[in-house]
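upload-v3.cif follows (mmCIF, C-alpha atoms):
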```cif
data_data
#
loop_
_atom_site.label_atom_id
_atom_site.label_comp_id
_atom_site.auth_asym_id
_atom_site.auth_seq_id
_atom_site.Cartn_x
_atom_site.Cartn_y
_atom_site.Cartn_z
CA MET A 1349 -95.75 123.80 -88.02
CA THR A 1350 -98.77 125.51 -86.54
CA SER A 1351 -98.62 128.15 -83.87
CA CYS A 1352 -100.11 127.92 -80.40
CA ALA A 1353 -103.83 128.64 -80.60
CA GLY A 1354 -105.12 131.05 -78.03
CA ALA A 1355 -101.69 132.47 -77.19
CA ALA A 1356 -102.32 136.00 -78.39
CA PRO A 1357 -99.77 137.59 -75.99
CA ARG A 1358 -96.97 136.00 -78.03
CA ASN A 1359 -96.99 138.93 -80.42
CA GLY A 1360 -98.38 141.53 -78.07
CA PRO A 1361 -96.71 144.89 -77.47
CA ILE A 1362 -93.83 145.22 -75.08
CA ASP A 1363 -94.89 146.59 -71.71
CA GLU A 1364 -93.21 149.98 -71.54
CA GLY A 1365 -93.10 149.73 -67.75
CA THR A 1366 -90.62 146.86 -67.77
CA THR A 1367 -87.08 146.49 -69.01
CA MET A 1368 -84.61 143.70 -69.65
CA VAL A 1369 -80.93 144.01 -68.84
CA ARG A 1370 -79.49 147.38 -69.84
CA PRO A 1371 -76.03 148.05 -71.30
CA GLY A 1372 -73.34 148.62 -68.69
CA THR A 1373 -75.12 146.83 -65.86
CA ALA A 1374 -72.50 144.11 -65.38
CA ALA A 1375 -73.80 143.06 -61.97
CA THR A 1376 -77.34 142.81 -63.31
CA LEU A 1377 -76.19 140.79 -66.29
CA GLU A 1378 -74.29 138.43 -64.03
CA ALA A 1379 -77.27 138.04 -61.71
CA ARG A 1380 -79.57 137.35 -64.63
CA TYR A 1381 -77.24 134.67 -65.97
CA GLN A 1382 -76.80 132.96 -62.62
CA ASN A 1383 -80.58 132.85 -62.19
CA SER A 1384 -81.44 131.67 -65.69
CA PHE A 1385 -83.26 128.42 -66.47
CA GLY A 1386 -80.17 126.86 -68.05
CA ARG A 1387 -78.11 127.50 -64.93
CA ALA A 1388 -80.88 126.23 -62.62
CA ALA A 1389 -81.25 123.05 -64.65
CA GLY A 1390 -77.49 122.45 -64.62
CA TYR A 1391 -77.01 122.76 -68.38
CA LEU A 1392 -74.91 125.95 -68.39
CA PRO A 1393 -71.64 126.57 -66.51
CA ARG A 1394 -71.45 128.40 -63.21
CA ASN A 1395 -68.87 130.75 -64.64
CA ARG A 1396 -70.44 133.02 -67.28
CA ARG A 1397 -67.01 133.62 -68.81
CA ALA A 1398 -66.97 129.93 -69.70
CA VAL A 1399 -69.91 130.70 -72.00
CA ASP A 1400 -67.82 133.45 -73.60
CA THR A 1401 -65.00 130.98 -74.17
CA TRP A 1402 -67.40 128.41 -75.59
CA LEU A 1403 -68.96 131.00 -77.90
CA THR A 1404 -65.56 132.09 -79.19
CA ARG A 1405 -64.57 128.52 -80.02
CA PHE A 1406 -67.95 127.49 -81.39
CA VAL A 1407 -68.31 130.53 -83.64
CA ALA A 1408 -64.81 129.87 -85.02
CA ARG A 1409 -65.71 126.21 -85.56
CA ALA A 1410 -68.94 127.14 -87.31
CA GLN A 1411 -67.11 129.58 -89.58
CA GLN A 1412 -65.03 126.70 -90.93
CA ARG A 1413 -68.09 125.04 -92.42
CA THR A 1414 -67.84 124.77 -96.20
CA ALA A 1415 -71.17 123.07 -96.91
CA GLY A 1416 -74.35 125.03 -97.44
CA HIS A 1417 -76.92 125.50 -94.70
CA VAL A 1418 -78.85 122.45 -93.58
CA PRO A 1419 -82.42 122.71 -94.95
CA VAL A 1420 -84.11 124.02 -91.78
CA VAL A 1421 -81.41 126.67 -91.27
CA GLN A 1422 -81.75 127.63 -94.93
CA GLU A 1423 -85.47 128.11 -94.34
CA LEU A 1424 -84.67 130.43 -91.43
CA ALA A 1425 -82.19 132.32 -93.60
CA GLU A 1426 -84.86 132.79 -96.27
CA LEU A 1427 -87.38 133.91 -93.66
CA LEU A 1428 -84.98 136.59 -92.42
CA GLU A 1429 -84.24 137.65 -95.98
CA GLN A 1430 -87.92 138.02 -96.87
CA ASP A 1431 -89.19 139.52 -93.60
CA LYS A 1432 -87.32 142.81 -93.23
CA PRO A 1433 -88.93 143.85 -89.89
CA LEU A 1434 -87.94 140.49 -88.38
CA ARG A 1435 -84.45 140.72 -89.87
CA ASP A 1436 -84.05 144.20 -88.41
CA LEU A 1437 -85.25 142.91 -85.03
CA VAL A 1438 -82.78 140.01 -85.02
CA ASN A 1439 -79.96 142.34 -86.08
CA LEU A 1440 -80.92 144.68 -83.24
CA MET A 1441 -80.99 141.75 -80.82
CA ILE A 1442 -77.44 140.80 -81.79
CA GLU A 1443 -76.28 144.43 -81.54
CA GLN A 1444 -77.87 144.90 -78.12
CA ALA A 1445 -76.31 141.63 -76.93
CA GLN A 1446 -72.87 142.96 -77.78
CA GLN A 1447 -73.59 146.18 -75.91
CA LEU A 1448 -74.44 144.26 -72.75
CA ASP A 1449 -70.83 143.27 -72.30
CA PRO A 1450 -68.80 145.68 -74.46
CA GLU A 1451 -65.41 144.52 -73.19
CA HIS A 1452 -66.09 141.01 -74.49
CA LYS A 1453 -68.37 141.70 -77.45
CA HIS A 1454 -65.76 140.25 -79.80
CA LYS A 1455 -66.42 136.87 -78.20
CA HIS A 1456 -70.09 136.86 -79.15
CA VAL A 1457 -72.01 136.28 -82.37
CA GLU A 1458 -71.51 139.41 -84.49
CA ASN A 1459 -74.12 139.01 -87.22
CA ILE A 1460 -76.95 136.88 -88.57
CA GLY A 1461 -74.58 134.91 -90.79
CA GLU A 1462 -72.57 133.74 -87.79
CA MET A 1463 -75.76 132.85 -85.93
CA LEU A 1464 -76.96 130.72 -88.85
CA ASN A 1465 -73.60 128.94 -89.15
CA CYS A 1466 -73.74 128.11 -85.45
CA LEU A 1467 -77.24 126.68 -85.84
CA ASP A 1468 -75.93 124.49 -88.69
CA GLU A 1469 -73.18 123.15 -86.46
CA ILE A 1470 -75.47 122.56 -83.48
CA THR A 1471 -77.70 120.22 -85.51
CA VAL A 1472 -74.84 117.68 -85.73
CA THR A 1473 -73.30 118.13 -82.28
CA ALA A 1474 -74.09 116.05 -79.19
CA PRO A 1475 -73.53 117.57 -75.73
CA GLU A 1476 -70.26 116.48 -74.13
CA TYR A 1477 -70.01 115.91 -70.40
CA ARG A 1478 -67.62 118.09 -68.42
CA LEU A 1479 -66.26 117.22 -64.98
CA ASP A 1480 -65.75 120.88 -64.09
CA PRO A 1481 -69.14 122.60 -63.48
CA ASN A 1482 -67.56 125.81 -64.74
CA GLU A 1483 -67.22 124.28 -68.20
CA ARG A 1484 -70.59 122.60 -68.64
CA VAL A 1485 -72.24 123.94 -71.77
CA PHE A 1486 -74.83 121.21 -72.21
CA PHE A 1487 -77.39 123.56 -73.83
CA PRO A 1488 -75.72 124.96 -76.97
CA LEU A 1489 -78.68 127.06 -78.15
CA SER A 1490 -79.10 128.57 -74.68
CA ALA A 1491 -75.41 129.45 -74.74
CA LEU A 1492 -75.70 130.85 -78.26
CA PHE A 1493 -78.70 132.97 -77.25
CA CYS A 1494 -77.49 133.70 -73.71
CA TYR A 1495 -76.91 137.42 -74.21
CA MET A 1496 -79.56 137.88 -76.90
CA MET A 1497 -82.27 136.68 -74.51
CA ALA A 1498 -81.26 139.39 -72.04
CA THR A 1499 -82.15 142.25 -74.41
CA ASP A 1500 -85.38 144.10 -75.19
CA ALA A 1501 -85.11 143.15 -78.86
CA GLY A 1502 -84.45 139.54 -77.91
CA TRP A 1503 -87.51 139.41 -75.67
CA GLU A 1504 -89.61 140.52 -78.64
CA ALA A 1505 -87.81 138.32 -81.20
CA PHE A 1506 -88.22 135.08 -79.25
CA ARG A 1507 -91.97 135.77 -79.00
CA ASN A 1508 -92.23 136.28 -82.77
CA VAL A 1509 -94.25 133.33 -84.14
CA PRO A 1510 -92.45 132.77 -87.49
CA PHE A 1511 -89.03 133.10 -85.84
CA SER A 1512 -90.02 130.74 -83.03
CA ASP A 1513 -91.47 128.23 -85.48
CA ALA A 1514 -88.23 128.29 -87.48
CA LEU A 1515 -86.16 127.71 -84.34
CA ARG A 1516 -88.45 124.83 -83.36
CA ASN A 1517 -87.74 123.25 -86.74
CA VAL A 1518 -84.01 123.55 -86.03
CA LEU A 1519 -84.50 121.92 -82.63
CA THR A 1520 -86.51 119.13 -84.23
CA VAL A 1521 -83.64 118.32 -86.60
CA TRP A 1522 -81.18 118.46 -83.70
CA CYS A 1523 -83.42 116.07 -81.77
CA GLU A 1524 -83.41 113.71 -84.77
CA PHE A 1525 -79.61 113.74 -84.68
CA LEU A 1526 -79.65 113.01 -80.93
CA ASP A 1527 -82.02 110.10 -81.71
CA SER A 1528 -79.50 108.68 -84.19
CA PRO A 1529 -76.54 106.33 -83.62
CA GLU A 1530 -74.21 109.13 -84.78
CA SER A 1531 -74.86 110.95 -81.49
CA ARG A 1532 -73.39 108.15 -79.36
CA TYR A 1533 -69.80 109.38 -79.60
CA VAL A 1534 -70.28 111.22 -76.27
CA LEU A 1535 -71.39 108.01 -74.49
CA ASN A 1536 -68.00 106.80 -73.29
CA GLU A 1537 -66.01 106.42 -70.08
CA GLY A 1538 -63.47 109.12 -70.90
CA PRO A 1539 -63.32 112.31 -68.82
CA ASP A 1540 -65.78 114.03 -71.18
CA GLY A 1541 -68.05 111.01 -71.56
CA TRP A 1542 -71.47 110.54 -69.99
CA LEU A 1543 -70.50 107.06 -68.76
CA CYS A 1544 -67.46 108.17 -66.77
CA GLN A 1545 -67.49 107.74 -63.00
CA ALA A 1546 -68.19 111.40 -62.22
CA ALA A 1547 -71.13 111.59 -64.64
CA SER A 1548 -72.45 108.27 -63.36
CA GLU A 1549 -72.48 109.58 -59.79
CA GLN A 1550 -73.93 112.95 -60.75
CA ASN A 1551 -76.78 111.36 -62.73
CA LYS A 1552 -77.27 108.40 -60.34
CA LEU A 1553 -76.93 105.91 -63.16
CA TYR A 1554 -77.19 103.08 -60.63
CA GLU A 1555 -80.92 103.87 -60.45
CA PHE A 1556 -81.39 103.41 -64.20
CA VAL A 1557 -81.50 100.57 -66.68
CA ILE A 1558 -78.23 100.40 -68.64
CA PRO A 1559 -78.89 98.12 -71.65
CA ASP A 1560 -75.43 96.51 -71.72
CA PRO A 1561 -72.94 97.99 -69.22
CA GLY A 1562 -70.00 96.14 -70.76
CA ALA A 1563 -70.75 97.07 -74.36
CA LEU A 1564 -69.73 100.09 -76.42
CA TYR A 1565 -71.90 103.12 -75.56
CA GLY A 1566 -73.41 101.13 -72.69
CA GLY A 1567 -75.66 99.46 -75.22
CA PHE A 1568 -77.64 102.67 -75.83
CA ALA A 1569 -78.92 103.23 -79.37
CA SER A 1570 -78.46 107.03 -79.26
CA PHE A 1571 -77.75 109.95 -76.96
CA ASN A 1572 -81.46 110.49 -76.40
CA ALA A 1573 -81.89 106.81 -75.52
CA PHE A 1574 -79.36 107.49 -72.76
CA PHE A 1575 -81.00 110.73 -71.72
CA ASN A 1576 -84.56 109.40 -71.42
CA ARG A 1577 -83.39 106.05 -70.05
CA HIS A 1578 -85.77 103.90 -68.01
CA ILE A 1579 -85.56 103.83 -64.24
CA LYS A 1580 -85.42 100.62 -62.23
CA PRO A 1581 -88.88 100.03 -60.66
CA GLU A 1582 -87.42 99.49 -57.17
CA PHE A 1583 -86.22 103.10 -57.14
CA ARG A 1584 -89.72 104.51 -57.76
CA PRO A 1585 -92.04 102.24 -55.78
CA ASN A 1586 -95.73 103.11 -55.72
CA GLY A 1587 -96.08 103.81 -52.03
CA ALA A 1588 -99.68 105.01 -52.45
CA LYS A 1589 -100.99 102.01 -54.41
CA GLU A 1590 -103.07 100.78 -51.47
CA ASP A 1591 -104.95 104.10 -51.31
CA PRO A 1592 -107.26 104.48 -54.35
CA GLU A 1593 -107.80 108.17 -53.57
CA ALA A 1594 -104.11 109.09 -53.71
CA VAL A 1595 -102.82 111.30 -56.53
CA VAL A 1596 -99.15 110.65 -57.30
CA SER A 1597 -96.48 112.75 -58.95
CA PRO A 1598 -96.14 112.15 -62.71
CA ASN A 1599 -92.47 113.13 -62.65
CA ASP A 1600 -89.33 113.65 -60.64
CA GLY A 1601 -88.57 117.26 -59.70
CA THR A 1602 -89.30 119.97 -57.17
CA VAL A 1603 -92.49 121.89 -56.43
CA VAL A 1604 -92.68 125.24 -58.21
CA ARG A 1605 -96.07 126.11 -56.74
CA TYR A 1606 -99.73 125.18 -56.68
CA VAL A 1607 -102.61 127.60 -56.86
CA SER A 1608 -106.39 127.41 -56.57
CA ASP A 1609 -109.32 129.11 -58.27
CA VAL A 1610 -107.58 129.26 -61.65
CA GLN A 1611 -109.67 131.03 -64.26
CA LEU A 1612 -110.17 130.67 -68.01
CA ASP A 1613 -108.33 133.92 -68.67
CA ALA A 1614 -105.61 135.64 -66.65
CA ASP A 1615 -102.79 138.13 -67.07
CA ILE A 1616 -99.90 135.73 -67.59
CA PHE A 1617 -97.43 138.64 -67.33
CA ASP A 1618 -98.50 139.56 -63.79
CA VAL A 1619 -95.58 138.33 -61.69
CA LYS A 1620 -97.32 138.54 -58.33
CA GLY A 1621 -100.68 137.41 -59.62
CA GLN A 1622 -101.86 134.04 -60.86
CA PRO A 1623 -99.92 133.24 -64.02
CA TYR A 1624 -102.19 130.53 -65.43
CA SER A 1625 -104.80 131.03 -68.12
CA LEU A 1626 -106.71 127.77 -68.61
CA ARG A 1627 -107.84 128.76 -72.08
CA GLN A 1628 -104.20 129.14 -73.16
CA MET A 1629 -102.72 126.27 -71.17
CA LEU A 1630 -105.27 123.77 -72.52
CA ASN A 1631 -105.18 125.23 -76.03
CA GLY A 1632 -108.96 125.34 -76.44
CA TYR A 1633 -109.59 121.76 -75.23
CA ALA A 1634 -113.35 121.06 -75.50
CA ASP A 1635 -113.86 120.48 -71.76
CA THR A 1636 -111.67 123.36 -70.56
CA GLU A 1637 -114.56 124.99 -68.69
CA ARG A 1638 -114.75 121.94 -66.40
CA PHE A 1639 -111.46 123.12 -64.90
CA THR A 1640 -112.59 126.73 -64.26
CA GLY A 1641 -111.88 127.59 -60.63
CA GLY A 1642 -109.72 124.51 -60.24
CA ASP A 1643 -106.14 123.86 -59.13
CA VAL A 1644 -102.81 123.93 -60.99
CA PHE A 1645 -99.80 122.08 -59.61
CA GLN A 1646 -96.43 122.82 -61.24
CA SER A 1647 -93.05 121.16 -60.72
CA PHE A 1648 -89.58 121.62 -62.21
CA LEU A 1649 -87.29 118.93 -63.69
CA SER A 1650 -83.55 119.57 -63.57
CA GLY A 1651 -80.96 118.06 -65.88
CA ALA A 1652 -80.17 115.04 -63.69
CA ASP A 1653 -83.84 114.15 -63.11
CA TYR A 1654 -85.63 111.16 -64.63
CA HIS A 1655 -87.31 112.48 -67.80
CA ARG A 1656 -90.21 110.10 -68.35
CA TRP A 1657 -93.63 111.00 -67.01
CA HIS A 1658 -96.38 108.80 -65.64
CA ALA A 1659 -100.09 108.71 -64.84
CA PRO A 1660 -101.00 110.54 -61.59
CA VAL A 1661 -104.42 108.82 -61.33
CA ASP A 1662 -106.22 105.71 -62.52
CA GLY A 1663 -108.51 106.36 -65.45
CA ILE A 1664 -109.23 106.53 -69.17
CA VAL A 1665 -107.27 108.79 -71.54
CA LYS A 1666 -109.77 111.25 -73.06
CA HIS A 1667 -107.51 113.59 -75.00
CA VAL A 1668 -103.90 113.66 -76.25
CA GLU A 1669 -102.41 116.69 -78.01
CA ARG A 1670 -99.04 118.22 -78.79
CA VAL A 1671 -99.17 122.03 -78.78
CA PRO A 1672 -96.38 123.77 -80.74
CA GLY A 1673 -95.30 126.96 -79.00
CA LEU A 1674 -92.38 129.05 -77.82
CA MET A 1675 -89.07 127.77 -76.42
CA PHE A 1676 -86.79 130.70 -75.56
CA SER A 1677 -89.30 133.29 -74.38
CA GLU A 1678 -89.18 134.40 -70.74
CA LEU A 1679 -91.38 136.44 -68.44
CA LYS A 1680 -90.41 140.09 -68.74
CA MET A 1681 -89.79 141.69 -65.36
CA GLU A 1682 -88.79 145.06 -63.96
CA LYS A 1683 -85.84 143.47 -62.22
CA VAL A 1684 -83.77 140.34 -62.65
CA ASP A 1685 -85.66 137.15 -61.85
CA ASP A 1686 -83.69 135.92 -58.83
CA THR A 1687 -85.61 132.63 -58.73
CA ALA A 1688 -83.52 130.80 -61.35
CA GLY A 1689 -86.24 131.15 -63.95
CA THR A 1690 -88.95 129.77 -61.69
CA LEU A 1691 -91.24 132.76 -62.15
CA SER A 1692 -91.01 132.36 -65.92
CA GLN A 1693 -92.23 128.77 -65.70
CA GLY A 1694 -95.80 129.83 -64.93
CA TYR A 1695 -95.80 132.09 -67.99
CA GLN A 1696 -94.18 129.37 -70.10
CA ALA A 1697 -96.89 126.86 -69.16
CA ASN A 1698 -99.28 129.03 -71.17
CA VAL A 1699 -97.26 129.66 -74.32
CA ASN A 1700 -94.45 127.12 -74.69
CA THR A 1701 -94.36 123.88 -76.66
CA ARG A 1702 -96.19 121.38 -74.47
CA GLY A 1703 -98.24 118.21 -74.35
CA LEU A 1704 -101.79 117.66 -73.09
CA VAL A 1705 -102.93 114.30 -71.71
CA VAL A 1706 -106.41 114.42 -70.16
CA ILE A 1707 -107.37 111.47 -67.96
CA GLU A 1708 -110.94 110.84 -66.78
CA SER A 1709 -110.34 109.35 -63.35
CA THR A 1710 -112.13 106.14 -62.41
CA VAL A 1711 -111.92 107.16 -58.76
CA PRO A 1712 -115.25 108.79 -57.77
CA GLY A 1713 -114.92 112.50 -57.11
CA ILE A 1714 -111.64 113.29 -58.90
CA GLY A 1715 -113.07 113.95 -62.37
CA GLN A 1716 -110.69 114.92 -65.17
CA VAL A 1717 -106.99 115.58 -64.65
CA CYS A 1718 -104.85 117.23 -67.33
CA VAL A 1719 -101.16 116.35 -67.43
CA ILE A 1720 -99.11 119.08 -69.17
CA PRO A 1721 -95.42 118.41 -69.86
CA VAL A 1722 -93.92 121.80 -70.78
CA GLY A 1723 -90.86 122.16 -73.02
CA ILE A 1724 -88.38 124.92 -72.15
CA THR A 1725 -85.34 126.12 -74.15
CA GLU A 1726 -83.62 123.13 -75.82
CA ILE A 1727 -86.46 120.67 -75.37
CA SER A 1728 -88.11 120.31 -78.75
CA SER A 1729 -89.61 116.91 -78.18
CA VAL A 1730 -92.63 115.87 -76.10
CA LYS A 1731 -93.41 112.27 -77.03
CA PHE A 1732 -96.49 110.30 -76.01
CA GLY A 1733 -96.81 106.63 -75.18
CA VAL A 1734 -100.60 106.58 -74.82
CA GLY A 1735 -103.61 107.34 -76.99
CA VAL A 1736 -107.26 108.28 -76.58
CA GLY A 1737 -109.23 105.42 -75.04
CA ASP A 1738 -106.29 103.81 -73.27
CA LYS A 1739 -106.86 102.69 -69.71
CA VAL A 1740 -104.06 103.75 -67.35
CA THR A 1741 -103.17 102.94 -63.78
CA ARG A 1742 -101.23 105.26 -61.50
CA GLY A 1743 -97.58 104.94 -62.37
CA ASP A 1744 -98.10 103.83 -65.98
CA GLU A 1745 -95.83 105.67 -68.37
CA LEU A 1746 -97.54 108.39 -70.44
CA GLY A 1747 -94.55 109.71 -72.38
CA TYR A 1748 -91.16 111.34 -72.12
CA PHE A 1749 -89.02 114.36 -72.91
CA SER A 1750 -86.06 114.06 -75.21
CA TYR A 1751 -82.94 116.02 -74.33
CA GLY A 1752 -83.40 118.83 -71.83
CA GLY A 1753 -84.76 119.88 -68.46
CA SER A 1754 -88.35 121.03 -68.24
CA SER A 1755 -91.50 121.72 -66.27
CA MET A 1756 -94.71 119.80 -65.56
CA CYS A 1757 -98.22 120.99 -64.74
CA LEU A 1758 -101.26 119.12 -63.46
CA VAL A 1759 -104.68 120.75 -63.76
CA PHE A 1760 -107.56 119.58 -61.54
CA GLU A 1761 -111.24 120.39 -61.53
CA PRO A 1762 -112.33 122.67 -58.65
CA GLY A 1763 -112.71 121.20 -55.19
CA LYS A 1764 -111.48 117.73 -56.08
CA VAL A 1765 -108.13 117.31 -54.29
CA ASP A 1766 -106.20 118.33 -51.20
CA PHE A 1767 -102.45 118.66 -51.72
CA THR A 1768 -100.21 116.80 -49.30
CA VAL A 1769 -96.83 118.34 -50.20
CA PRO A 1770 -95.65 121.79 -49.03
CA ASN A 1771 -96.55 124.71 -51.28
CA ASN A 1772 -94.05 127.27 -52.46
CA THR A 1773 -93.99 131.06 -52.51
CA ILE A 1774 -92.62 133.63 -54.93
CA GLU A 1775 -90.20 134.76 -52.22
CA HIS A 1776 -88.76 131.24 -51.93
CA ALA A 1777 -89.57 129.92 -55.37
CA ASP A 1778 -86.40 127.85 -55.68
CA ASP A 1779 -86.87 126.04 -52.37
CA GLY A 1780 -89.62 123.70 -53.50
CA ALA A 1781 -90.08 120.32 -51.89
CA PRO A 1782 -88.78 117.34 -53.90
CA VAL A 1783 -91.30 115.08 -55.63
CA PHE A 1784 -90.75 111.69 -57.25
CA VAL A 1785 -92.66 109.53 -59.69
CA ASN A 1786 -95.27 107.49 -57.78
CA GLY A 1787 -94.92 109.62 -54.64
CA ARG A 1788 -98.16 111.00 -53.19
CA ILE A 1789 -98.76 114.70 -53.85
CA ALA A 1790 -102.52 114.95 -53.18
CA THR A 1791 -105.60 113.06 -52.00
CA ALA A 1792 -109.14 113.11 -53.35
CA LYS A 1793 -111.54 115.11 -51.17
#
```

Just give me the structure of the file as structure tokens.
Amino acid sequence: MTSCAGAAPRNGPIDEGTTMVRPGTAATLEARYQNSFGRAAGYLPRNRRAVDTWLTRFVARAQQRTAGHVPVVQELAELLEQDKPLRDLVNLMIEQAQQLDPEHKHKHVENIGEMLNCLDEITVTAPEYRLDPNERVFFPLSALFCYMMATDAGWEAFRNVPFSDALRNVLTVWCEFLDSPESRYVLNEGPDGWLCQAASEQNKLYEFVIPDPGALYGGFASFNAFFNRHIKPEFRPNGAKEDPEAVVSPNDGTVVRYVSDVQLDADIFDVKGQPYSLRQMLNGYADTERFTGGDVFQSFLSGADYHRWHAPVDGIVKHVERVPGLMFSELKMEKVDDTAGTLSQGYQANVNTRGLVVIESTVPGIGQVCVIPVGITEISSVKFGVGVGDKVTRGDELGYFSYGGSSMCLVFEPGKVDFTVPNNTIEHADDGAPVFVNGRIATAK
């Protein structure tokens, strides 16, 4: 797979003025975990020790494998064998991860071989539901990399292009498994099944289309078919359909922030500055300069949110592109990000795997709008349901995420819209207003 064009900072030098979690800082490590993306999205347990327990069991399970590596994991193994600097970096990442929590280092991955075996096992494992929030390890790779991501070596490793590309290939194979009938074993009404009463309430399944409620697996063809299930239209009515100048939310979620006067190039590592670089976000799209000085609106999807995304405006699709990028890289900060990964989402909109859908609005004055679904951590799949030349109406489906929580950006040309939902601040980044598909978020000026 190709790397993300225009994302030069992916292999840039580490800023010597910043640090990740240091050995012996138990409180800092705990704070970092509690404020990670996986925890915010509801895919990792509240109790970090539950991750330790999961790791212990999963590593032991992976060690029992007798078959050779699955092809994509074998490719990663060969990459690490041939690229000594990368191999040394990954070894250092694992070593530093053990040093973060020395009293429990025996519960973590101890070497590259164990890491590869775990990746093998993950590719054929569907996430099981857990009633107890303290036991919910719904993101196995995030759990596997939990401590590694908190290290200096890990921050550098997960920004390494060949390593990231290899991990994306692993995620792609895992996604293919979750698209297969073999993944349905977790779709049951038992206590660890996604169709049990507790899971149904937590995920508001009454709002969604269940193919055959009385049938095995609820009639779903795969785990991903359950995850990106369709919502009943009456639960997302288009309340702004009578106003042609209304811009509606493409997704369910909460407001991360919106900013104005966004430029072609920006320092995406500046926490307090503007974290959006149009040239990187839009991956060199031919009409990128039309958006210079414009607005970016970003929202966050949690695990229980509806994971299909829709057209925010009426118009004609001008451009559709999938941009391969990073998945497990985070914004490096001097202190722990206490916003549950929210600050990293601006950075990730520039460098992560993402989609681009540009719509030329048919409403006078709005111009082009770029819809950017951003993949984070386990999300390896951004799938489109439209193509260039298609005519779309507000609320029409554009595509969907396969398994995972994520982020969504809208990019507007300068001076075209006024936002109608409350903005957010860095100081209160996790307190964003809720948004829903078809709900008004802005109006044409």

> Which is closest to Gln1446 of chain A among A:Phe1583, A:Phe1487, A:Tyr1495, A:Tyr1633, if we use only C-alpha atoms?
Replying inline: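 Nearest candidate to Gln1446 of chain A out of A:Phe1583, A:Phe1487, A:Tyr1495, A:Tyr1633: A:Tyr1495.
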
> Once the PyMOL selection byres ((chain A and resi 1415-1431) around 7) has been applied to the shown file, what residues remain in the selection, as a VMD selection string?
Replying inline: chain A and resid 1413 to 1414 1432 to 1435 1464 1467 to 1468 1514 1517 to 1518

If you keep C-alpha atoms, can you produce a file of those selected residues as a PDB file, keeping the file's coordinate frame?
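Full text of part.pdb as output:
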```pdb
ATOM      1  CA  ARG A1413     -68.090 125.040 -92.420  1.00  0.00           C
ATOM      2  CA  THR A1414     -67.840 124.770 -96.200  1.00  0.00           C
ATOM      3  CA  LYS A1432     -87.320 142.810 -93.230  1.00  0.00           C
ATOM      4  CA  PRO A1433     -88.930 143.850 -89.890  1.00  0.00           C
ATOM      5  CA  LEU A1434     -87.940 140.490 -88.380  1.00  0.00           C
ATOM      6  CA  ARG A1435     -84.450 140.720 -89.870  1.00  0.00           C
ATOM      7  CA  LEU A1464     -76.960 130.720 -88.850  1.00  0.00           C
ATOM      8  CA  LEU A1467     -77.240 126.680 -85.840  1.00  0.00           C
ATOM      9  CA  ASP A1468     -75.930 124.490 -88.690  1.00  0.00           C
ATOM     10  CA  ALA A1514     -88.230 128.290 -87.480  1.00  0.00           C
ATOM     11  CA  ASN A1517     -87.740 123.250 -86.740  1.00  0.00           C
ATOM     12  CA  VAL A1518     -84.010 123.550 -86.030  1.00  0.00           C
TER      13      VAL A1518
END
```

>> With the PyMOL selection byres ((chain A and resi 1582) around 12) as the selection, what would be picked from this file? Answer as a VMD selection string, please.
In response: chain A and resid 1554 to 1557 1578 to 1581 1583 to 1587 1785 to 1786

> What is the atom CA of Ser1677 of chain A to atom CA of Phe1506 of chain A distance in Å?
Replying inline: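 Distance reported for this atom pair: 5.3 Å.
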
>> Going by the chain IDs and residue numbers used in this file, which residues fall under the PyMOL selection byres ((chain A and resi 1532-1543) around 7)? Write them as a list in words.
In response: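 Evaluating the PyMOL selection byres ((chain A and resi 1532-1543) around 7) on this file yields Ala1474, Glu1476, Tyr1477, Arg1478, Leu1479, Pro1529, Glu1530, Ser1531, Cys1544, Gln1545, Ala1547, Ser1548, Tyr1565, Ser1570 and Phe1571 of chain A.
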
Excluding same-chain residues fewer than 4 positions from segment 1696-1705 of chain A, what lies within 6 Å of it counting all atoms listed in the file, as a tab-separated table (two decimals) with C-alpha atoms, keeping the file's coordinate frame?
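File written: selection.tsv
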```tsv
chain	number	residue	atom	x	y	z
A	1355	ALA	CA	-101.69	132.47	-77.19
A	1628	GLN	CA	-104.20	129.14	-73.16
A	1629	MET	CA	-102.72	126.27	-71.17
A	1667	HIS	CA	-107.51	113.59	-75.00
A	1668	VAL	CA	-103.90	113.66	-76.25
A	1669	GLU	CA	-102.41	116.69	-78.01
A	1670	ARG	CA	-99.04	118.22	-78.79
A	1671	VAL	CA	-99.17	122.03	-78.78
A	1672	PRO	CA	-96.38	123.77	-80.74
A	1673	GLY	CA	-95.30	126.96	-79.00
A	1674	LEU	CA	-92.38	129.05	-77.82
A	1675	MET	CA	-89.07	127.77	-76.42
A	1718	CYS	CA	-104.85	117.23	-67.33
A	1719	VAL	CA	-101.16	116.35	-67.43
A	1720	ILE	CA	-99.11	119.08	-69.17
A	1721	PRO	CA	-95.42	118.41	-69.86
A	1722	VAL	CA	-93.92	121.80	-70.78
A	1723	GLY	CA	-90.86	122.16	-73.02
```

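Among the candidates A:Gly1733, A:Gly1743, A:Pro1592, A:Pro1623, the residue lying nearest to Val1607 of chain A is A:Pro1623 (atoms considered: all atoms listed in the file).
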
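Going from atom CA of Phe1749 of chain A over to atom CA of Glu1726 of chain A, you cover 10.7 Å.
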
> atom CA of Leu1377 of chain A and atom CA of Gln1444 of chain A, how far apart in Å?
Replying inline: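 Distance reported for this atom pair: 12.6 Å.
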
>> Using only C-alpha atoms for the distances, tell me which of A:Val1399, A:Ile1707, A:Ser1384, A:Pro1712 is nearest to Gly1735 of chain A.
In response: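 Once distances to Gly1735 of chain A are computed over only C-alpha atoms, the minimum belongs to A:Ile1707.
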